[in-house]
Amino acid sequence: VARLGEGLIPSAHATDDGPVEAVELPGAEAFVLGVQWHPEAGDDVRVMRALVAAASG
């Protein structure tokens, strides 16, 4: 992500060269998270758990 949209905040950066790889929208009425990787493909399942919890809730 080169430029964030209005209200978005960066929540993850690439470890090798630092670009934004995830954004959040604080205060949104629904679950808002944008990522530029495949969270389901890794060992860290926190993003997928948060999505399931938001959809269940």
# chains A, B, ... in the order shown; residues from 1 in each chain; ligands from 1

call {"tool": "residues_around", "arguments": {"residues": "A:Ala2", "least_positions_apart": "6", "cutoff": "10 Å", "atoms": "only C-alpha atoms", "output": "short mmCIF file (atom, residue, chain, number, x, y, z; two decimals) with C-alpha atoms, in the first residue's frame"}}
result
data_model
loop_
_atom_site.label_atom_id
_atom_site.label_comp_id
_atom_site.auth_asym_id
_atom_site.auth_seq_id
_atom_site.Cartn_x
_atom_site.Cartn_y
_atom_site.Cartn_z
CA PRO A 19 5.79 -1.37 3.14
CA VAL A 20 2.33 -1.51 4.71
CA GLU A 21 0.83 -5.00 4.40
#

call {"tool": "residues_around", "arguments": {"residues": "stretch 36-43 of chain A", "least_positions_apart": "2", "cutoff": "7 Å", "atoms": "only C-alpha atoms", "output": "list in words"}}
result
Glu21, Ala22, Val45, Val47 and Met48 of chain A

call {"tool": "write_last_selection", "arguments": {"atoms": "all heavy atoms", "output": "short mmCIF file (atom, residue, chain, number, x, y, z; two decimals), in the first residue's frame"}}
result
data_model
loop_
_atom_site.label_atom_id
_atom_site.label_comp_id
_atom_site.auth_asym_id
_atom_site.auth_seq_id
_atom_site.Cartn_x
_atom_site.Cartn_y
_atom_site.Cartn_z
N GLU A 21 1.44 -3.76 4.90
CA GLU A 21 0.83 -5.00 4.40
C GLU A 21 -0.54 -5.26 5.01
O GLU A 21 -1.20 -6.22 4.62
CB GLU A 21 1.76 -6.17 4.64
CG GLU A 21 2.97 -6.14 3.74
CD GLU A 21 3.63 -7.48 3.61
OE1 GLU A 21 3.44 -8.35 4.48
OE2 GLU A 21 4.36 -7.67 2.63
N ALA A 22 -0.96 -4.44 5.97
CA ALA A 22 -2.29 -4.60 6.54
C ALA A 22 -2.77 -3.25 7.04
O ALA A 22 -1.98 -2.43 7.51
CB ALA A 22 -2.29 -5.61 7.68
N VAL A 45 -2.80 -17.78 13.33
CA VAL A 45 -4.22 -17.81 12.95
C VAL A 45 -5.05 -16.67 13.57
O VAL A 45 -6.27 -16.69 13.49
CB VAL A 45 -4.85 -19.18 13.30
CG1 VAL A 45 -4.20 -20.30 12.52
CG2 VAL A 45 -4.78 -19.44 14.79
N VAL A 47 -5.62 -13.56 12.66
CA VAL A 47 -6.46 -12.82 11.72
C VAL A 47 -7.71 -13.63 11.37
O VAL A 47 -8.82 -13.11 11.37
CB VAL A 47 -5.68 -12.44 10.44
CG1 VAL A 47 -6.61 -11.91 9.37
CG2 VAL A 47 -4.60 -11.43 10.76
N MET A 48 -7.53 -14.90 11.10
CA MET A 48 -8.67 -15.74 10.74
C MET A 48 -9.62 -15.92 11.93
O MET A 48 -10.84 -15.90 11.76
CB MET A 48 -8.20 -17.10 10.22
CG MET A 48 -7.32 -17.00 8.97
SD MET A 48 -8.01 -15.97 7.65
CE MET A 48 -9.40 -16.96 7.16
#

call {"tool": "select_by_dssp", "arguments": {"residues": "chain A", "states": "strand (DSSP E)", "output": "list in words"}}
result
Ile9, Pro10, Ser11, Ala12, His13, Val20, Glu21, Ala22, Val23, Glu24, Leu33, Gly34 and Val35 of chain A

call {"tool": "closest_residue", "arguments": {"among": "A:Leu8, A:Thr15, A:Val52, A:Gly57", "to": "A:Leu33", "atoms": "only C-alpha atoms"}}
result
A:Leu8

call {"tool": "select_by_dssp", "arguments": {"residues": "chain A", "states": "helix (DSSP H, G or I)", "output": "ChimeraX atom specification"}}
result
/A:39-41,46-56

call {"tool": "atom_distance", "arguments": {"atom1": "atom CA of A:Gly7", "atom2": "atom CA of A:Pro26"}}
result
7.5 Å

call {"tool": "atom_distance", "arguments": {"atom1": "atom CA of A:Gly5", "atom2": "atom CA of A:Leu51"}}
result
21.2 Å
